[in-house]
file query03.json (JSON, C-alpha atoms)
[["chain", "number", "residue", "atom", "x", "y", "z"],
["A", 1, "MET", "CA", 5.56, -10.59, 29.49],
["A", 2, "THR", "CA", 7.37, -8.25, 31.87],
["A", 3, "GLU", "CA", 10.46, -10.47, 31.73],
["A", 4, "PHE", "CA", 10.30, -10.41, 27.92],
["A", 5, "LEU", "CA", 10.15, -6.59, 27.84],
["A", 6, "GLN", "CA", 13.03, -6.30, 30.28],
["A", 7, "LYS", "CA", 15.29, -8.02, 27.75],
["A", 8, "LEU", "CA", 14.57, -5.32, 25.15],
["A", 9, "ASN", "CA", 16.56, -2.09, 25.06],
["A", 10, "ASP", "CA", 14.99, 1.36, 24.81],
["A", 11, "GLY", "CA", 16.16, 1.80, 21.21],
["A", 12, "ASP", "CA", 14.21, -1.27, 20.08],
["A", 13, "LEU", "CA", 11.08, -0.22, 21.93],
["A", 14, "ILE", "CA", 11.22, 3.25, 20.39],
["A", 15, "ALA", "CA", 11.77, 1.71, 16.96],
["A", 16, "LEU", "CA", 8.68, -0.49, 17.48],
["A", 17, "VAL", "CA", 6.52, 2.51, 18.35],
["A", 18, "VAL", "CA", 7.90, 4.60, 15.46],
["A", 19, "LEU", "CA", 7.35, 1.79, 12.97],
["A", 20, "PHE", "CA", 3.69, 1.12, 13.72],
["A", 21, "LEU", "CA", 2.68, 4.71, 14.41],
["A", 22, "SER", "CA", 4.17, 5.64, 11.03],
["A", 23, "LEU", "CA", 2.39, 2.78, 9.28],
["A", 24, "PHE", "CA", -1.03, 3.81, 10.61],
["A", 25, "LEU", "CA", -0.60, 7.59, 10.70],
["A", 26, "TYR", "CA", 1.42, 8.22, 7.54],
["A", 27, "GLU", "CA", -1.64, 8.62, 5.30],
["A", 28, "PRO", "CA", -3.60, 11.23, 7.34],
["A", 29, "ILE", "CA", -0.52, 13.20, 8.39],
["A", 30, "SER", "CA", 1.04, 13.33, 4.91],
["A", 31, "LYS", "CA", -2.27, 14.44, 3.36],
["A", 32, "ALA", "CA", -2.76, 17.05, 6.06],
["A", 33, "ILE", "CA", 0.68, 18.51, 5.30],
["A", 34, "PHE", "CA", 0.98, 18.08, 1.52],
["A", 35, "GLY", "CA", -2.63, 17.75, 0.35],
["A", 36, "LYS", "CA", -3.67, 15.27, -2.33],
["A", 37, "ASN", "CA", -1.37, 12.40, -3.19],
["A", 38, "ILE", "CA", -1.09, 10.65, -6.53],
["A", 39, "SER", "CA", -3.89, 8.20, -5.66],
["A", 40, "SER", "CA", -6.24, 11.11, -4.99],
["A", 41, "GLN", "CA", -5.26, 12.74, -8.27],
["A", 42, "MET", "CA", -6.12, 9.55, -10.15],
["A", 43, "MET", "CA", -9.78, 9.98, -9.17],
["A", 44, "LEU", "CA", -10.15, 12.29, -12.19],
["A", 45, "TRP", "CA", -8.85, 9.62, -14.55],
["A", 46, "ARG", "CA", -11.00, 6.87, -13.06],
["A", 47, "LYS", "CA", -14.10, 9.00, -13.39],
["A", 48, "ALA", "CA", -13.13, 9.86, -16.98],
["A", 49, "TRP", "CA", -12.76, 6.14, -17.72],
["A", 50, "ALA", "CA", -16.17, 5.38, -16.21],
["A", 51, "THR", "CA", -17.71, 8.20, -18.28],
["A", 52, "GLN", "CA", -16.08, 7.13, -21.53],
["A", 53, "MET", "CA", -17.14, 3.55, -20.88],
["A", 54, "LEU", "CA", -20.78, 4.60, -21.21],
["A", 55, "TRP", "CA", -20.28, 5.37, -24.90],
["A", 56, "ARG", "CA", -19.16, 1.86, -25.75],
["A", 57, "HIS", "CA", -21.65, -0.82, -26.73],
["A", 58, "GLU", "CA", -19.03, -3.54, -26.26],
["A", 59, "ARG", "CA", -17.15, -3.12, -22.99],
["A", 60, "ILE", "CA", -14.57, -5.85, -23.40],
["A", 61, "THR", "CA", -11.76, -3.29, -23.04],
["A", 62, "ASP", "CA", -13.16, -2.05, -19.74],
["A", 63, "VAL", "CA", -13.60, -5.57, -18.39],
["A", 64, "SER", "CA", -10.02, -6.40, -19.40],
["A", 65, "LEU", "CA", -8.79, -3.26, -17.63],
["A", 66, "VAL", "CA", -10.41, -4.23, -14.32],
["A", 67, "ARG", "CA", -9.26, -7.83, -14.68],
["A", 68, "GLY", "CA", -5.72, -6.55, -15.21],
["A", 69, "LEU", "CA", -5.95, -4.58, -11.96],
["A", 70, "ILE", "CA", -7.23, -7.68, -10.16],
["A", 71, "HIS", "CA", -4.33, -9.70, -11.57],
["A", 72, "ASN", "CA", -1.79, -7.14, -10.31],
["A", 73, "VAL", "CA", -3.27, -7.16, -6.81],
["A", 74, "SER", "CA", -3.50, -10.95, -6.87],
["A", 75, "PHE", "CA", 0.23, -11.17, -7.62],
["A", 76, "PHE", "CA", 1.06, -9.11, -4.53],
["A", 77, "ALA", "CA", -1.40, -11.07, -2.36],
["A", 78, "THR", "CA", 0.15, -14.38, -3.42],
["A", 79, "THR", "CA", 3.67, -13.07, -2.92],
["A", 80, "THR", "CA", 2.71, -11.85, 0.56],
["A", 81, "VAL", "CA", 1.54, -15.34, 1.52],
["A", 82, "PHE", "CA", 5.00, -16.68, 0.61],
["A", 83, "VAL", "CA", 6.66, -13.89, 2.61],
["A", 84, "ILE", "CA", 4.51, -14.69, 5.64],
["A", 85, "SER", "CA", 5.40, -18.37, 5.37],
["A", 86, "GLY", "CA", 9.10, -17.49, 5.17],
["A", 87, "LEU", "CA", 8.89, -15.25, 8.24],
["A", 88, "VAL", "CA", 7.12, -17.94, 10.26],
["A", 89, "ALA", "CA", 9.95, -20.31, 9.36],
["A", 90, "LEU", "CA", 12.49, -17.59, 10.22],
["A", 91, "LEU", "CA", 11.13, -17.42, 13.76],
["A", 92, "GLY", "CA", 12.47, -20.92, 14.30],
["A", 93, "THR", "CA", 16.01, -19.71, 13.55],
["A", 94, "SER", "CA", 15.94, -16.75, 15.97],
["A", 95, "GLN", "CA", 18.69, -18.25, 18.11],
["A", 96, "SER", "CA", 21.00, -18.65, 15.12],
["A", 97, "ILE", "CA", 20.29, -15.08, 14.00],
["A", 98, "THR", "CA", 21.04, -13.80, 17.51],
["A", 99, "GLU", "CA", 24.36, -15.62, 17.60],
["A", 100, "LYS", "CA", 25.30, -14.30, 14.17],
["A", 101, "ILE", "CA", 24.52, -10.69, 15.09],
["A", 102, "ASN", "CA", 26.43, -11.02, 18.36],
["A", 103, "SER", "CA", 29.44, -12.31, 16.46],
["A", 104, "PHE", "CA", 29.97, -8.87, 14.92],
["A", 105, "SER", "CA", 32.15, -6.88, 17.29],
["A", 106, "TYR", "CA", 31.06, -3.51, 15.89],
["A", 107, "LEU", "CA", 27.41, -4.15, 16.77],
["A", 108, "ASN", "CA", 25.96, -3.98, 20.26],
["A", 109, "GLY", "CA", 24.89, -7.35, 21.57],
["A", 110, "THR", "CA", 21.26, -8.35, 21.11],
["A", 111, "THR", "CA", 18.99, -10.92, 22.72],
["A", 112, "GLU", "CA", 16.87, -13.64, 21.20],
["A", 113, "GLU", "CA", 13.78, -11.89, 22.55],
["A", 114, "ALA", "CA", 14.69, -8.76, 20.59],
["A", 115, "VAL", "CA", 15.18, -10.76, 17.40],
["A", 116, "VAL", "CA", 11.83, -12.50, 17.89],
["A", 117, "LEU", "CA", 10.15, -9.12, 18.42],
["A", 118, "LYS", "CA", 11.64, -7.73, 15.20],
["A", 119, "ILE", "CA", 10.67, -10.74, 13.08],
["A", 120, "THR", "CA", 7.19, -10.80, 14.62],
["A", 121, "SER", "CA", 6.75, -7.10, 13.86],
["A", 122, "LEU", "CA", 7.69, -7.69, 10.22],
["A", 123, "LEU", "CA", 5.33, -10.67, 10.14],
["A", 124, "PHE", "CA", 2.51, -8.51, 11.49],
["A", 125, "ILE", "CA", 3.16, -5.88, 8.82],
["A", 126, "MET", "CA", 3.00, -8.54, 6.10],
["A", 127, "VAL", "CA", -0.29, -9.84, 7.51],
["A", 128, "ILE", "CA", -1.69, -6.30, 7.30],
["A", 129, "ALA", "CA", -0.45, -6.09, 3.70],
["A", 130, "PHE", "CA", -2.18, -9.38, 2.84],
["A", 131, "PHE", "CA", -5.50, -8.19, 4.25],
["A", 132, "GLU", "CA", -5.20, -4.96, 2.29],
["A", 133, "PHE", "CA", -4.46, -6.80, -0.97],
["A", 134, "ALA", "CA", -7.28, -9.29, -0.37],
["A", 135, "TRP", "CA", -9.75, -6.47, 0.27],
["A", 136, "SER", "CA", -8.51, -4.59, -2.78],
["A", 137, "MET", "CA", -9.17, -7.67, -4.92],
["A", 138, "SER", "CA", -12.70, -7.85, -3.54],
["A", 139, "LEU", "CA", -13.32, -4.17, -4.28],
["A", 140, "HIS", "CA", -12.01, -4.54, -7.84],
["A", 141, "ALA", "CA", -14.38, -7.49, -8.25],
["A", 142, "ASN", "CA", -17.20, -5.19, -7.07],
["A", 143, "SER", "CA", -16.10, -2.67, -9.71],
["A", 144, "LEU", "CA", -16.42, -5.41, -12.31],
["A", 145, "LEU", "CA", -20.00, -6.11, -11.23],
["A", 146, "MET", "CA", -20.83, -2.41, -11.25],
["A", 147, "LEU", "CA", -19.34, -2.19, -14.73],
["A", 148, "GLY", "CA", -21.70, -4.93, -15.84],
["A", 149, "SER", "CA", -24.67, -2.97, -14.45],
["A", 150, "ALA", "CA", -23.84, 0.18, -16.45],
["A", 151, "PRO", "CA", -26.73, 1.29, -18.72],
["A", 152, "GLU", "CA", -26.60, 1.20, -22.50],
["A", 153, "PRO", "CA", -25.15, 4.23, -24.38],
["A", 154, "SER", "CA", -28.69, 5.32, -25.29],
["A", 155, "GLU", "CA", -29.33, 5.98, -21.57],
["A", 156, "LYS", "CA", -26.09, 7.84, -20.91],
["A", 157, "ASP", "CA", -27.86, 11.08, -19.97],
["A", 158, "SER", "CA", -30.10, 9.54, -17.30],
["A", 159, "LYS", "CA", -29.75, 10.24, -13.59],
["A", 160, "ALA", "CA", -29.13, 6.55, -12.90],
["A", 161, "THR", "CA", -26.20, 6.58, -15.33],
["A", 162, "SER", "CA", -24.59, 9.50, -13.52],
["A", 163, "LEU", "CA", -24.86, 7.60, -10.24],
["A", 164, "VAL", "CA", -23.30, 4.50, -11.79],
["A", 165, "VAL", "CA", -20.36, 6.56, -13.09],
["A", 166, "ASN", "CA", -19.75, 8.15, -9.70],
["A", 167, "LYS", "CA", -20.07, 4.94, -7.72],
["A", 168, "LEU", "CA", -17.97, 2.91, -10.16],
["A", 169, "SER", "CA", -15.14, 5.44, -10.06],
["A", 170, "GLU", "CA", -15.35, 5.70, -6.25],
["A", 171, "MET", "CA", -15.25, 1.92, -5.88],
["A", 172, "SER", "CA", -12.22, 1.76, -8.17],
["A", 173, "VAL", "CA", -10.48, 4.50, -6.17],
["A", 174, "LEU", "CA", -11.22, 2.69, -2.91],
["A", 175, "ALA", "CA", -9.75, -0.53, -4.31],
["A", 176, "SER", "CA", -6.66, 1.40, -5.40],
["A", 177, "TYR", "CA", -6.37, 3.01, -1.95],
["A", 178, "HIS", "CA", -6.19, -0.37, -0.21],
["A", 179, "PHE", "CA", -3.72, -1.65, -2.81],
["A", 180, "GLN", "CA", -1.47, 1.35, -2.19],
["A", 181, "TYR", "CA", -1.74, 0.80, 1.56],
["A", 182, "GLY", "CA", -0.55, -2.77, 1.06],
["A", 183, "VAL", "CA", 2.36, -1.63, -1.10],
["A", 184, "ARG", "CA", 3.24, 0.97, 1.52],
["A", 185, "ALA", "CA", 3.35, -1.81, 4.12],
["A", 186, "TYR", "CA", 6.05, -3.42, 1.97],
["A", 187, "TYR", "CA", 8.04, -0.19, 2.08],
["A", 188, "PHE", "CA", 7.83, -0.09, 5.87],
["A", 189, "GLY", "CA", 8.65, -3.78, 5.96],
["A", 190, "ILE", "CA", 11.98, -3.03, 4.28],
["A", 191, "SER", "CA", 12.93, -0.67, 7.10],
["A", 192, "SER", "CA", 11.72, -3.26, 9.60],
["A", 193, "LEU", "CA", 14.03, -5.81, 7.98],
["A", 194, "ALA", "CA", 16.97, -3.47, 8.60],
["A", 195, "TRP", "CA", 15.89, -3.29, 12.24],
["A", 196, "ILE", "CA", 16.98, -6.92, 12.72],
["A", 197, "ILE", "CA", 20.60, -5.75, 12.37],
["A", 198, "HIS", "CA", 20.35, -2.77, 14.74],
["A", 199, "HIS", "CA", 17.85, -0.06, 15.60],
["A", 200, "TYR", "CA", 20.28, 2.61, 14.35],
["A", 201, "VAL", "CA", 20.28, 0.92, 10.94],
["A", 202, "PHE", "CA", 16.49, 0.88, 11.12],
["A", 203, "TYR", "CA", 16.30, 4.62, 11.75],
["A", 204, "ALA", "CA", 18.55, 5.36, 8.75],
["A", 205, "ILE", "CA", 16.63, 3.06, 6.36],
["A", 206, "PHE", "CA", 13.29, 4.22, 7.78],
["A", 207, "LEU", "CA", 14.11, 7.87, 7.05],
["A", 208, "PHE", "CA", 15.20, 6.95, 3.53],
["A", 209, "VAL", "CA", 11.97, 4.99, 2.94],
["A", 210, "ILE", "CA", 9.80, 7.88, 4.16],
["A", 211, "ILE", "CA", 11.59, 10.28, 1.79],
["A", 212, "VAL", "CA", 11.12, 7.87, -1.13],
["A", 213, "ILE", "CA", 7.39, 7.42, -0.41],
["A", 214, "LEU", "CA", 6.78, 11.16, 0.02],
["A", 215, "ARG", "CA", 8.59, 11.98, -3.19],
["A", 216, "ARG", "CA", 6.71, 9.38, -5.22],
["A", 217, "GLU", "CA", 3.29, 10.26, -3.84],
["A", 218, "PHE", "CA", 3.58, 14.06, -3.77],
["A", 219, "PHE", "CA", 6.55, 15.32, -5.79],
["A", 220, "SER", "CA", 7.24, 12.81, -8.57],
["A", 221, "ARG", "CA", 6.76, 13.47, -12.27],
["A", 222, "ALA", "CA", 3.94, 10.92, -12.20],
["A", 223, "PHE", "CA", 2.13, 13.07, -9.63],
["A", 224, "TYR", "CA", 2.21, 16.14, -11.85],
["A", 225, "ILE", "CA", 1.09, 14.15, -14.90],
["A", 226, "ALA", "CA", -1.85, 12.77, -12.93],
["A", 227, "SER", "CA", -2.85, 16.20, -11.65],
["A", 228, "MET", "CA", -3.85, 17.66, -15.03],
["A", 229, "GLU", "CA", -7.36, 18.52, -13.94],
["A", 230, "ASP", "CA", -7.87, 21.05, -16.75],
["A", 231, "ILE", "CA", -8.32, 18.30, -19.35],
["A", 232, "LYS", "CA", -11.68, 18.49, -21.08],
["A", 233, "TRP", "CA", -12.90, 15.07, -22.08],
["A", 234, "SER", "CA", -14.65, 15.16, -25.42],
["A", 235, "SER", "CA", -17.78, 13.18, -26.13],
["A", 236, "SER", "CA", -17.58, 10.09, -28.26],
["A", 237, "GLU", "CA", -19.18, 10.15, -31.65]]
call {"tool": "encode", "arguments": {"input": "query03.json", "output": "structure tokens"}}
result
Amino acid sequence: MTEFLQKLNDGDLIALVVLFLSLFLYEPISKAIFGKNISSQMMLWRKAWATQMLWRHERITDVSLVRGLIHNVSFFATTTVFVISGLVALLGTSQSITEKINSFSYLNGTTEEAVVLKITSLLFIMVIAFFEFAWSMSLHANSLLMLGSAPEPSEKDSKATSLVVNKLSEMSVLASYHFQYGVRAYYFGISSLAWIIHHYVFYAIFLFVIIVILRREFFSRAFYIASMEDIKWSSSE
């Protein structure tokens, strides 16, 4: 292990630390600095959906909505499996990749150990993304079961109904949180892919990715549309 680390330069080791610290600490740090992100703002809309659902005798629309969310997450989970398979196969070509990178005179030479580390790091990120998508699918399935347990419209004013609304919306938000975490892993994976070329390229792409994520989660038009908390939801007839 010591011999393996000795063949890595300081720039690659710093890039490794930056990559994984950012992946795990982005959420708490960004929320501590900027407050609620777009996923947090969507809690209002999910609770409104759960409340409006209580007025409907036939809840086919609501079931279709949750199934659509499950389908979206399932697509990403399946795609991630293919990405993981491709990266495992890519590990077998690490020597060829090393030779190709070293053939460019304007890049500093690299070692096969460094290439293996970079591909393995990307593989690990994709594994994390898969687990997040798989868990999100499970939570959406739980939401579907909770939807089926919702009382009839005639009982909409009961205490049990209020609990169902709160728990259903919270379960849906939790499922969305893990889905967003998986998508964010893809964003970081893009910067990790650039790392294979050179750690300086990684730093440039990584900074760009962070700016894109921050803008979309805290400063995009979608964020301001989702933050309309002054909406008063009218009762159904």
call {"tool": "closest_atom_pairs", "arguments": {"input": "query03.json", "of": "segment 15-95 of chain A", "to": "segment 132-146 of chain A", "cutoff": "6 Å", "atoms": "all atoms listed in the file", "output": "tab-separated table"}}
result
residue	atom	partner	partner_atom	distance
A:Ile70	CA	A:Met137	CA	5.6
A:Val73	CA	A:Phe133	CA	6.0
A:Ala77	CA	A:Phe133	CA	5.4
call {"tool": "residues_around", "arguments": {"input": "query03.json", "residues": "Gly11 of chain A", "least_positions_apart": "2", "cutoff": "9 Å", "atoms": "only C-alpha atoms", "output": "list of chain:residue names"}}
result
A:Leu8, A:Asn9, A:Leu13, A:Ile14, A:Ala15, A:Leu16, A:His198, A:His199, A:Tyr200
call {"tool": "write_last_selection", "arguments": {"input": "query03.json", "atoms": "C-alpha atoms", "output": "mmCIF file, in the frame of the given file"}}
result
data_model
loop_
_atom_site.group_PDB
_atom_site.id
_atom_site.type_symbol
_atom_site.label_atom_id
_atom_site.label_comp_id
_atom_site.auth_asym_id
_atom_site.auth_seq_id
_atom_site.Cartn_x
_atom_site.Cartn_y
_atom_site.Cartn_z
ATOM 1 C CA LEU A 8 14.570 -5.320 25.150
ATOM 2 C CA ASN A 9 16.560 -2.090 25.060
ATOM 3 C CA LEU A 13 11.080 -0.220 21.930
ATOM 4 C CA ILE A 14 11.220 3.250 20.390
ATOM 5 C CA ALA A 15 11.770 1.710 16.960
ATOM 6 C CA LEU A 16 8.680 -0.490 17.480
ATOM 7 C CA HIS A 198 20.350 -2.770 14.740
ATOM 8 C CA HIS A 199 17.850 -0.060 15.600
ATOM 9 C CA TYR A 200 20.280 2.610 14.350
#
call {"tool": "atom_distance", "arguments": {"input": "query03.json", "atom1": "atom CA of Leu25 of chain A", "atom2": "atom CA of Leu174 of chain A"}}
result
17.9 Å
call {"tool": "closest_residue", "arguments": {"input": "query03.json", "among": "A:Ala129, A:Ala185, A:Val165, A:Leu21", "to": "Lys47 of chain A", "atoms": "all atoms listed in the file"}}
result
A:Val165
call {"tool": "atom_distance", "arguments": {"input": "query03.json", "atom1": "atom CA of Arg46 of chain A", "atom2": "atom CA of Ser169 of chain A"}}
result
5.3 Å
call {"tool": "residues_around", "arguments": {"input": "query03.json", "residues": "Ala222 of chain A", "least_positions_apart": "3", "cutoff": "12 Å", "atoms": "only C-alpha atoms", "output": "list in words"}}
result
Asn37, Ile38, Ser39, Gln41, Met42, Arg215, Arg216, Glu217, Phe218, Phe219, Ile225, Ala226, Ser227 and Met228 of chain A
call {"tool": "closest_residue", "arguments": {"input": "query03.json", "among": "A:Leu90, A:Ile211, A:Val183, A:Val201", "to": "Ile125 of chain A", "atoms": "all atoms listed in the file"}}
result
A:Val183
call {"tool": "closest_residue", "arguments": {"input": "query03.json", "among": "A:Gly148, A:Met43, A:Val17, A:Tyr26", "to": "Val209 of chain A", "atoms": "all atoms listed in the file"}}
result
A:Tyr26
call {"tool": "atom_distance", "arguments": {"input": "query03.json", "atom1": "atom CA of Ser149 of chain A", "atom2": "atom CA of Phe131 of chain A"}}
result
27.3 Å
call {"tool": "residues_around", "arguments": {"input": "query03.json", "residues": "Leu107 of chain A", "least_positions_apart": "5", "cutoff": "9 Å", "atoms": "all atoms listed in the file", "output": "PyMOL selection string"}}
result
chain A and resi 101-102+197-198
call {"tool": "closest_residue", "arguments": {"input": "query03.json", "among": "A:Ile60, A:Leu44, A:Val116, A:Ile128", "to": "Ile84 of chain A", "atoms": "all atoms listed in the file"}}
result
A:Ile128
call {"tool": "closest_residue", "arguments": {"input": "query03.json", "among": "A:His178, A:Lys118, A:Lys31, A:Lys167", "to": "Trp195 of chain A", "atoms": "all atoms listed in the file"}}
result
A:Lys118
call {"tool": "closest_residue", "arguments": {"input": "query03.json", "among": "A:Arg221, A:Met171, A:Met53, A:Leu23", "to": "Met126 of chain A", "atoms": "all atoms listed in the file"}}
result
A:Leu23
call {"tool": "decode", "arguments": {"input": "query03.json", "residues": "segment 145-181 of chain A", "atoms": "C-alpha atoms", "output": "PDB file, in the first residue's frame"}}
result
ATOM      1  CA  LEU A 145     -48.236   2.085   0.192  1.00  0.00           C
ATOM      2  CA  MET A 146     -48.905   5.089   2.416  1.00  0.00           C
ATOM      3  CA  LEU A 147     -51.015   6.557  -0.364  1.00  0.00           C
ATOM      4  CA  GLY A 148     -53.085   3.392  -0.374  1.00  0.00           C
ATOM      5  CA  SER A 149     -53.635   3.715   3.387  1.00  0.00           C
ATOM      6  CA  ALA A 150     -55.027   7.265   3.127  1.00  0.00           C
ATOM      7  CA  PRO A 151     -58.553   7.582   4.602  1.00  0.00           C
ATOM      8  CA  GLU A 152     -61.646   8.299   2.542  1.00  0.00           C
ATOM      9  CA  PRO A 153     -62.594  11.959   1.828  1.00  0.00           C
ATOM     10  CA  SER A 154     -65.340  11.741   4.462  1.00  0.00           C
ATOM     11  CA  GLU A 155     -62.610  11.347   7.126  1.00  0.00           C
ATOM     12  CA  LYS A 156     -60.389  14.153   5.860  1.00  0.00           C
ATOM     13  CA  ASP A 157     -60.729  16.190   9.069  1.00  0.00           C
ATOM     14  CA  SER A 158     -59.635  13.403  11.419  1.00  0.00           C
ATOM     15  CA  LYS A 159     -56.371  13.430  13.356  1.00  0.00           C
ATOM     16  CA  ALA A 160     -55.263  10.221  11.640  1.00  0.00           C
ATOM     17  CA  THR A 161     -55.711  11.870   8.238  1.00  0.00           C
ATOM     18  CA  SER A 162     -53.467  14.767   9.237  1.00  0.00           C
ATOM     19  CA  LEU A 163     -50.769  12.311  10.278  1.00  0.00           C
ATOM     20  CA  VAL A 164     -51.057  10.441   6.978  1.00  0.00           C
ATOM     21  CA  VAL A 165     -50.650  13.696   5.031  1.00  0.00           C
ATOM     22  CA  ASN A 166     -47.561  14.698   7.001  1.00  0.00           C
ATOM     23  CA  LYS A 167     -45.909  11.293   6.850  1.00  0.00           C
ATOM     24  CA  LEU A 168     -46.707  10.773   3.166  1.00  0.00           C
ATOM     25  CA  SER A 169     -45.216  14.136   2.213  1.00  0.00           C
ATOM     26  CA  GLU A 170     -42.157  13.537   4.419  1.00  0.00           C
ATOM     27  CA  MET A 171     -41.594  10.099   2.893  1.00  0.00           C
ATOM     28  CA  SER A 172     -41.850  11.599  -0.592  1.00  0.00           C
ATOM     29  CA  VAL A 173     -39.380  14.348   0.326  1.00  0.00           C
ATOM     30  CA  LEU A 174     -36.957  11.783   1.750  1.00  0.00           C
ATOM     31  CA  ALA A 175     -37.162   9.747  -1.460  1.00  0.00           C
ATOM     32  CA  SER A 176     -36.492  12.899  -3.463  1.00  0.00           C
ATOM     33  CA  TYR A 177     -33.526  13.775  -1.227  1.00  0.00           C
ATOM     34  CA  HIS A 178     -31.796  10.471  -1.946  1.00  0.00           C
ATOM     35  CA  PHE A 179     -32.565  10.793  -5.658  1.00  0.00           C
ATOM     36  CA  GLN A 180     -30.982  14.248  -5.708  1.00  0.00           C
ATOM     37  CA  TYR A 181     -27.954  12.908  -3.842  1.00  0.00           C
TER      38      TYR A 181
END
